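Colleague: Structure provided below as structure tokens; questions to follow.
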Amino acid sequence: MPSNKSVSDAPITQFINCRILRDNELQREDLWVREGRILDPEKLFFDEQGYADKRVDCEGSIIAPGFIDVQINGGYGIDFSQASENVSDGVSFVAKKILEHGVTSFCPTLVTSPPEVYHKVTVSFLSVLPQVKVHDGGPHGAGVLGFHLEGPFISAEKKGAHPEKYLRTFKSGGLEDLMEVYGSLDDVAIVTLAPELPGSQSVVRELSRRGITVSLGHSAADLSQAEEAVQHGATFITHLFNAMLPFHHRDPGIVGLLTSDRIPAGRTVYYGMIADGIHTNPAALRIAHRAHPSGLVLVTDAITAMGLPPGRHTLGQQVIEIQGLHAYVAGTKTLSGSIATMDMCVRHFKQASGCSVQEALEAASLHPAQLLGISHKKGKLDYGSDADLVLLDEGLNVKATYISGEEETGPPVPSYMIDMVLMD
């Protein structure tokens, strides 16, 4: 136990025989944790004269900050965009399962849907947004950082798998339209919109003022329209290269933000990348990474079918068909999310880009934390940071996941969930 000079009687855990990802390096040193946070060992030893109550032998593993997935539509038979009486149960089930893949925090993502899916408009209809609140992770699963609302304020030309009949424009001048559709912006972390829509710039400003991350996506915007949105506060690009104008040397479109000289001083534009080997050719992935490595954020864009065998599933209002590793809108060749897990994306990104282990891990931890403005507590292994950790072997396979310094594991599948999967 700590000595009587310790500032706390809480037990101290020491992770030994490990390499810690810190300051873009893998450092051979121990990691100390108390009360869910990372300790400064010098202060522990010299100021408190404390020592470990428990030691965890990591057997040479890498310790990285827990992965953060800012775009995940569901998985394991659960579709976040389907309103039901037990939306929170479904989110909790996925939150528990993704721990197996190193994810300790995430943004449940809703695709374009009718208003009643977002908020309660009738007594008999239970909608999605009011049922899920921002909360920390723990034995119940990965923490929820807030919703990512992808649509419906997007381009019909670049709608991808989003149902066109539910797309919206800013008819009332901006925020009123958002509130009419979403009902509330409580517990919302990210909104994806198309910046070329008339009235969008006032929406970008207001969302940014409220601390909500604005992402540009499903858009036919040219570079100047994208730059204007960034100047008004947008900081993210939804799944780069997908559902946007292709790069052209005279007008590179949204992709041009990666090297734009019109980004406000001190601001970073981040971009989501689905590194599943399907959505983005390895050459395109390498171009993006080499052009702007510090902005790359790995996302899964996973759908209901993640973790399930091939077949037909849902994504919001659409029926999705899984063929091999591809997820298509049924009857088409339109890609509709992925079935990749975050650890798969980390491994593929490293292999395809030729980046370092550190860069691959930071794209799934540090960068999304910086994007959401939470890097003071997540995405790093600095002293005082949350002890959300993932232990990996040399091949970047997940060996264990910890939240607040406690090891958490995925659950056995409840019988009612098995029934849901079989019914699919």
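Residues in the structure tokens are named by chain (A, B, ... in the order shown) and by number from 1 within that chain; ligands are numbered from 1 in the order shown.
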Which residues come within 9 Å of Asp382 (chain A), counting only C-alpha atoms, excluding same-chain residues fewer than 6 positions away, as a list in words?

Modeller: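 Once the nearby chain positions are removed, what remains is Arg22, Asp23, Ile38, Leu39, Asp40 and His376 of chain A.
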
Colleague: Would you write out those residues with N, CA and C atoms, as a short mmCIF file (atom, residue, chain, number, x, y, z; two decimals), in the first residue's frame?

Modeller:
```cif
data_model
loop_
_atom_site.label_atom_id
_atom_site.label_comp_id
_atom_site.auth_asym_id
_atom_site.auth_seq_id
_atom_site.Cartn_x
_atom_site.Cartn_y
_atom_site.Cartn_z
N ARG A 22 4.51 7.17 -26.29
CA ARG A 22 4.46 8.50 -25.70
C ARG A 22 5.35 9.43 -26.50
N ASP A 23 4.83 10.61 -26.85
CA ASP A 23 5.60 11.60 -27.61
C ASP A 23 6.13 11.01 -28.92
N ILE A 38 -3.14 8.09 -15.21
CA ILE A 38 -1.72 7.75 -15.31
C ILE A 38 -0.92 8.62 -14.35
N LEU A 39 -0.07 7.98 -13.59
CA LEU A 39 0.72 8.67 -12.56
C LEU A 39 2.10 9.05 -13.06
N ASP A 40 2.63 10.12 -12.48
CA ASP A 40 4.03 10.49 -12.65
C ASP A 40 4.83 9.72 -11.60
N HIS A 376 -6.42 16.32 -23.83
CA HIS A 376 -5.89 16.56 -22.49
C HIS A 376 -6.18 15.40 -21.55
#
```

Colleague: I'd like a table as a Markdown table: residues in region 113-150 of chain A with an atom no more than 12 Å from region 56-73 of chain A, each row giving the shortest atom pair and its distance in Å to one decimal, only C-alpha atoms counted, sorted by chain and rising residue number.

Modeller:
```
| residue | atom | partner | partner_atom | distance |
| --- | --- | --- | --- | --- |
| A:Gly137 | CA | A:Gly66 | CA | 10.9 |
| A:Ala142 | CA | A:Ile68 | CA | 9.2 |
| A:Gly143 | CA | A:Ile68 | CA | 9.3 |
| A:Val144 | CA | A:Val70 | CA | 9.8 |
| A:Leu145 | CA | A:Val70 | CA | 8.4 |
| A:Gly146 | CA | A:Val70 | CA | 9.0 |
| A:Phe147 | CA | A:Val70 | CA | 8.6 |
| A:His148 | CA | A:Gln71 | CA | 6.7 |
| A:Leu149 | CA | A:Gln71 | CA | 9.3 |
| A:Glu150 | CA | A:Gln71 | CA | 8.9 |
```

Colleague: Quick one, how far is CA of Val134 (chain A) from CA of Tyr118 (chain A)?

Modeller: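 Atom-to-atom, CA of Val134 (chain A) to CA of Tyr118 (chain A), that is 15.8 Å.
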
Colleague: Between A:Gly373, A:Gly295, A:Gly77, A:Gly151, which residue has the minimum interatomic distance to Val269 (chain A), considering only C-alpha atoms?

Modeller: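 Smallest distance to Val269 (chain A) is found for A:Gly295.
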
Colleague: Write out as a tab-separated table (two decimals) with C-alpha atoms, in the first residue's frame each polymer residue whose atoms come within 12 Å of Pro293 (chain A), counting only C-alpha atoms; drop sequence neighbours fewer than 5 positions from it.

Modeller:
```
chain	number	residue	atom	x	y	z
A	258	LEU	CA	-5.04	18.61	-47.01
A	259	THR	CA	-2.55	21.06	-48.53
A	268	THR	CA	-5.66	21.56	-38.15
A	269	VAL	CA	-8.03	19.98	-40.63
A	270	TYR	CA	-8.45	16.30	-39.81
A	271	TYR	CA	-9.78	13.70	-42.22
A	272	GLY	CA	-11.36	10.30	-41.70
A	273	MET	CA	-9.91	7.34	-43.54
A	285	LEU	CA	-4.10	6.26	-48.80
A	286	ARG	CA	-0.36	6.87	-49.14
A	287	ILE	CA	-0.92	10.16	-50.98
A	288	ALA	CA	-3.19	11.45	-48.21
A	298	LEU	CA	-8.76	6.11	-38.80
A	349	PHE	CA	-3.03	1.30	-42.61
A	353	SER	CA	1.08	3.23	-46.09
A	355	CYS	CA	4.10	4.28	-41.84
A	356	SER	CA	5.66	3.57	-38.46
A	358	GLN	CA	3.67	4.91	-33.78
A	359	GLU	CA	1.93	6.70	-36.65
A	360	ALA	CA	-0.54	3.86	-37.15
A	362	GLU	CA	-1.74	7.61	-33.17
A	363	ALA	CA	-4.13	7.71	-36.15
A	367	HIS	CA	-5.61	12.25	-33.76
```

Colleague: Calculated over only C-alpha atoms, which of the candidates A:Leu308, A:Val111, A:Ile320, A:Ile98 has the smallest distance to Asp343 (chain A)?

Modeller: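 Distance minimum relative to Asp343 (chain A) lands on A:Ile98.
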
Colleague: Identify, on the basis of only C-alpha atoms, every residue whose closest approach to region 157-171 of chain A does not exceed 6 Å; exclude the query and any residue fewer than 5 positions from it along the same chain; express the result as a ChimeraX atom specification.

Modeller: /A:112,114,152,177,199,218-219,243,336

Colleague: Just N, CA, C and O atoms for this one: save the residues we selected as a CSV table (one decimal), in the first residue's frame.

Modeller:
```csv
chain,number,residue,atom,x,y,z
A,112,THR,N,-28.5,9.4,-42.6
A,112,THR,CA,-29.7,10.1,-42.9
A,112,THR,C,-30.9,9.3,-42.7
A,112,THR,O,-31.1,8.2,-43.1
A,114,PRO,N,-35.4,9.7,-41.3
A,114,PRO,CA,-36.5,10.6,-41.1
A,114,PRO,C,-36.5,11.2,-39.7
A,114,PRO,O,-35.9,10.7,-38.8
A,152,PRO,N,-29.0,14.6,-42.3
A,152,PRO,CA,-29.4,14.6,-43.7
A,152,PRO,C,-29.1,15.8,-44.6
A,152,PRO,O,-29.5,15.9,-45.7
A,177,ASP,N,-33.5,24.5,-39.0
A,177,ASP,CA,-33.7,23.3,-39.8
A,177,ASP,C,-33.0,22.1,-39.0
A,177,ASP,O,-33.6,21.0,-39.0
A,199,GLY,N,-26.9,28.5,-47.0
A,199,GLY,CA,-27.2,28.6,-45.6
A,199,GLY,C,-26.3,27.8,-44.7
A,199,GLY,O,-26.4,27.9,-43.5
A,218,HIS,N,-20.1,13.8,-48.0
A,218,HIS,CA,-21.2,13.6,-48.9
A,218,HIS,C,-21.5,14.9,-49.6
A,218,HIS,O,-22.6,15.4,-49.5
A,219,SER,N,-20.5,15.4,-50.3
A,219,SER,CA,-20.5,16.8,-50.8
A,219,SER,C,-19.9,16.9,-52.2
A,219,SER,O,-19.0,16.2,-52.5
A,243,ALA,N,-17.6,9.7,-51.5
A,243,ALA,CA,-18.8,10.5,-51.5
A,243,ALA,C,-18.4,12.0,-51.6
A,243,ALA,O,-18.9,12.9,-50.9
A,336,SER,N,-21.5,0.8,-48.8
A,336,SER,CA,-22.3,1.3,-47.7
A,336,SER,C,-21.7,0.9,-46.4
A,336,SER,O,-22.0,-0.1,-45.8
```

Colleague: Leaving out Pro115 (chain A) and any residue of its chain fewer than 3 positions from it, which residues lie within 9 Å of it when counting only C-alpha atoms, given as number ranges by chain?

Modeller: A: 118-121, 127, 166, 180-183

Colleague: Would you work out the distance separating CA of Pro310 (chain A) from CA of Ser365 (chain A), expressed in Å to one decimal?

Modeller: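 According to the coordinates, CA of Pro310 (chain A) and CA of Ser365 (chain A) are separated by 29.5 Å.
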
Colleague: Go ahead and compute the interatomic distance for CA of Pro108 (chain A) and CA of Asn24 (chain A), in Å to one decimal.

Modeller: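 Pair CA of Pro108 (chain A) / CA of Asn24 (chain A) returns 28.2 Å.
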
Colleague: A:Asn397, A:Gly307, A:Tyr383, A:Ser184: which is nearest Glu42 (chain A), counting only C-alpha atoms?

Modeller: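 Going through A:Asn397, A:Gly307, A:Tyr383, A:Ser184 one by one, the smallest distance to Glu42 (chain A) is for A:Tyr383.
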
Colleague: Closest to Phe106 (chain A) among A:Asn86, A:Ser92, A:Ser8, A:Thr304, using only C-alpha atoms?

Modeller: A:Ser92

Colleague: Pick from A:Val255, A:Leu26, A:Leu315, A:Ala305: nearest to His289 (chain A), with only C-alpha atoms counted?

Modeller: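 Closest to His289 (chain A), using only C-alpha atoms: A:Val255.
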
Colleague: Counting only C-alpha atoms, what is within 7 Å of Val214 (chain A), bar same-chain residues fewer than 2 positions away, as a PDB file with C-alpha atoms, in the first residue's frame?

Modeller:
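Done, and the output landed in part.pdb:
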```
ATOM      1  CA  ILE A 190     -20.037  15.660 -34.761  1.00  0.00           C
ATOM      2  CA  VAL A 191     -22.322  16.766 -37.592  1.00  0.00           C
ATOM      3  CA  THR A 192     -21.457  15.903 -41.196  1.00  0.00           C
ATOM      4  CA  VAL A 204     -21.040  25.724 -39.408  1.00  0.00           C
ATOM      5  CA  LEU A 207     -22.243  24.393 -34.388  1.00  0.00           C
ATOM      6  CA  SER A 208     -18.594  25.318 -33.912  1.00  0.00           C
ATOM      7  CA  ILE A 212     -19.707  20.528 -31.928  1.00  0.00           C
ATOM      8  CA  LEU A 216     -17.519  18.088 -44.504  1.00  0.00           C
ATOM      9  CA  ALA A 234     -15.215  23.134 -39.827  1.00  0.00           C
ATOM     10  CA  THR A 235     -12.321  20.865 -38.805  1.00  0.00           C
ATOM     11  CA  PHE A 236     -13.029  17.393 -40.214  1.00  0.00           C
TER      12      PHE A 236
END
```

Colleague: Can you work out which one of A:Phe15, A:Val297, A:Asp79, A:His239 has the shortest atom-to-atom distance to Gly379 (chain A), counting only C-alpha atoms?

Modeller: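 Ranked by minimum distance to Gly379 (chain A), first place goes to A:Val297.
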
Colleague: Please identify the strand (DSSP E or B) residues within region 165-346 of chain A (assignment by DSSP from backbone atoms) and present them as a ChimeraX atom specification.

Modeller: /A:188-193,213-216,219,236-237,244,270-273,296-298,302,312-315,318-323,326-329,335,338

Colleague: With N, CA, C and O atoms retained, export the selected residues as a compact mmCIF listing (two decimals), in the first residue's frame.

Modeller:
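Output file out06.txt follows:
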```txt
# COMPACT_ATOMS: atom_id res chain seq x y z
N VAL A 188 -24.47 15.52 -28.86
CA VAL A 188 -24.00 15.43 -30.24
C VAL A 188 -22.55 15.91 -30.28
O VAL A 188 -22.23 16.99 -29.78
N ALA A 189 -21.67 15.10 -30.86
CA ALA A 189 -20.25 15.45 -30.94
C ALA A 189 -19.84 15.94 -32.33
O ALA A 189 -19.00 16.82 -32.44
N ILE A 190 -20.44 15.35 -33.39
CA ILE A 190 -20.04 15.66 -34.76
C ILE A 190 -21.28 15.74 -35.64
O ILE A 190 -22.21 14.94 -35.49
N VAL A 191 -21.29 16.70 -36.55
CA VAL A 191 -22.32 16.77 -37.59
C VAL A 191 -21.62 16.82 -38.94
O VAL A 191 -20.77 17.69 -39.18
N THR A 192 -21.96 15.88 -39.83
CA THR A 192 -21.46 15.90 -41.20
C THR A 192 -22.47 16.60 -42.09
O THR A 192 -23.66 16.25 -42.08
N LEU A 193 -22.00 17.58 -42.86
CA LEU A 193 -22.88 18.30 -43.78
C LEU A 193 -22.12 18.66 -45.06
O LEU A 193 -20.89 18.56 -45.11
N THR A 213 -18.14 19.42 -33.40
CA THR A 213 -17.24 19.30 -34.54
C THR A 213 -18.04 19.25 -35.83
O THR A 213 -18.98 18.45 -35.96
N VAL A 214 -17.69 20.11 -36.79
CA VAL A 214 -18.35 20.11 -38.09
C VAL A 214 -17.45 19.40 -39.09
O VAL A 214 -16.27 19.72 -39.24
N SER A 215 -18.03 18.40 -39.75
CA SER A 215 -17.30 17.63 -40.74
C SER A 215 -17.93 17.84 -42.12
O SER A 215 -19.15 17.95 -42.26
N LEU A 216 -17.07 17.91 -43.12
CA LEU A 216 -17.52 18.09 -44.50
C LEU A 216 -17.54 16.73 -45.18
O LEU A 216 -16.54 16.02 -45.18
N SER A 219 -20.51 15.40 -50.32
CA SER A 219 -20.54 16.77 -50.82
C SER A 219 -19.93 16.88 -52.20
O SER A 219 -18.97 16.18 -52.52
N PHE A 236 -13.12 18.82 -39.89
CA PHE A 236 -13.03 17.39 -40.21
C PHE A 236 -13.57 17.14 -41.61
O PHE A 236 -14.39 17.91 -42.12
N ILE A 237 -13.09 16.06 -42.22
CA ILE A 237 -13.59 15.59 -43.51
C ILE A 237 -14.06 14.16 -43.30
O ILE A 237 -13.31 13.31 -42.81
N MET A 244 -17.42 12.34 -52.46
CA MET A 244 -17.04 13.73 -52.73
C MET A 244 -16.48 13.80 -54.14
O MET A 244 -16.21 12.75 -54.77
N TYR A 270 -8.59 17.75 -39.92
CA TYR A 270 -8.45 16.30 -39.81
C TYR A 270 -9.32 15.63 -40.88
O TYR A 270 -10.27 16.24 -41.38
N TYR A 271 -8.99 14.41 -41.21
CA TYR A 271 -9.78 13.70 -42.22
C TYR A 271 -9.90 12.23 -41.85
O TYR A 271 -8.95 11.58 -41.42
N GLY A 272 -11.12 11.71 -41.98
CA GLY A 272 -11.36 10.30 -41.70
C GLY A 272 -10.92 9.43 -42.86
O GLY A 272 -11.08 9.80 -44.02
N MET A 273 -10.36 8.29 -42.52
CA MET A 273 -9.91 7.34 -43.54
C MET A 273 -10.38 5.94 -43.15
O MET A 273 -10.08 5.46 -42.05
N LEU A 296 -4.60 12.57 -40.20
CA LEU A 296 -5.29 11.33 -40.55
C LEU A 296 -5.93 10.69 -39.33
O LEU A 296 -5.26 10.43 -38.33
N VAL A 297 -7.22 10.43 -39.42
CA VAL A 297 -8.00 9.79 -38.36
C VAL A 297 -8.59 8.50 -38.91
O VAL A 297 -9.41 8.53 -39.84
N LEU A 298 -8.19 7.38 -38.36
CA LEU A 298 -8.76 6.11 -38.80
C LEU A 298 -10.18 5.96 -38.25
O LEU A 298 -10.43 6.22 -37.07
N ALA A 302 -18.12 1.20 -39.57
CA ALA A 302 -18.69 -0.14 -39.50
C ALA A 302 -20.21 -0.09 -39.43
O ALA A 302 -20.80 0.83 -38.84
N ARG A 312 -27.83 -10.35 -45.66
CA ARG A 312 -28.52 -9.06 -45.76
C ARG A 312 -28.73 -8.47 -44.37
O ARG A 312 -29.12 -9.16 -43.43
N HIS A 313 -28.44 -7.16 -44.27
CA HIS A 313 -28.55 -6.46 -43.00
C HIS A 313 -29.13 -5.07 -43.29
O HIS A 313 -29.56 -4.81 -44.41
N THR A 314 -29.12 -4.19 -42.30
CA THR A 314 -29.66 -2.85 -42.51
C THR A 314 -28.62 -1.79 -42.18
O THR A 314 -27.70 -2.01 -41.42
N LEU A 315 -28.81 -0.61 -42.78
CA LEU A 315 -28.12 0.61 -42.39
C LEU A 315 -29.17 1.70 -42.47
O LEU A 315 -29.49 2.20 -43.56
N GLN A 318 -31.93 1.62 -45.30
CA GLN A 318 -31.49 0.85 -46.45
C GLN A 318 -31.22 -0.61 -46.09
O GLN A 318 -30.83 -0.93 -44.96
N VAL A 319 -31.41 -1.48 -47.06
CA VAL A 319 -31.01 -2.87 -46.93
C VAL A 319 -29.61 -3.01 -47.51
O VAL A 319 -29.34 -2.54 -48.61
N ILE A 320 -28.72 -3.65 -46.76
CA ILE A 320 -27.32 -3.79 -47.15
C ILE A 320 -27.00 -5.25 -47.37
O ILE A 320 -27.42 -6.11 -46.58
N GLU A 321 -26.25 -5.51 -48.41
CA GLU A 321 -25.86 -6.89 -48.72
C GLU A 321 -24.35 -7.03 -48.60
O GLU A 321 -23.59 -6.23 -49.16
N ILE A 322 -23.91 -8.03 -47.84
CA ILE A 322 -22.49 -8.27 -47.65
C ILE A 322 -22.02 -9.33 -48.62
O ILE A 322 -22.53 -10.45 -48.65
N GLN A 323 -21.05 -8.95 -49.45
CA GLN A 323 -20.43 -9.88 -50.41
C GLN A 323 -18.93 -9.88 -50.15
O GLN A 323 -18.24 -8.94 -50.48
N HIS A 326 -17.08 -6.69 -48.91
CA HIS A 326 -17.77 -5.50 -49.40
C HIS A 326 -19.17 -5.41 -48.81
O HIS A 326 -19.88 -6.42 -48.68
N ALA A 327 -19.58 -4.19 -48.45
CA ALA A 327 -20.95 -3.92 -48.02
C ALA A 327 -21.60 -3.01 -49.06
O ALA A 327 -21.16 -1.88 -49.27
N TYR A 328 -22.64 -3.52 -49.74
CA TYR A 328 -23.31 -2.76 -50.80
C TYR A 328 -24.76 -2.50 -50.43
O TYR A 328 -25.40 -3.32 -49.74
N VAL A 329 -25.31 -1.37 -50.92
CA VAL A 329 -26.76 -1.21 -50.92
C VAL A 329 -27.31 -2.32 -51.78
O VAL A 329 -26.85 -2.55 -52.91
N LEU A 335 -21.08 1.27 -52.31
CA LEU A 335 -20.54 0.89 -51.02
C LEU A 335 -21.34 1.55 -49.90
O LEU A 335 -21.79 2.69 -50.02
N SER A 338 -18.54 -0.24 -43.79
CA SER A 338 -17.59 -1.36 -43.84
C SER A 338 -17.96 -2.39 -42.80
O SER A 338 -18.86 -2.20 -41.98
```

Colleague: Show which residues sit within 8 Å of Leu257 (chain A), as a ChimeraX atom specification. Count only C-alpha atoms, and ignore same-chain residues fewer than 2 positions away.

Modeller: /A:223,226-227,253-255,259-260,263,269
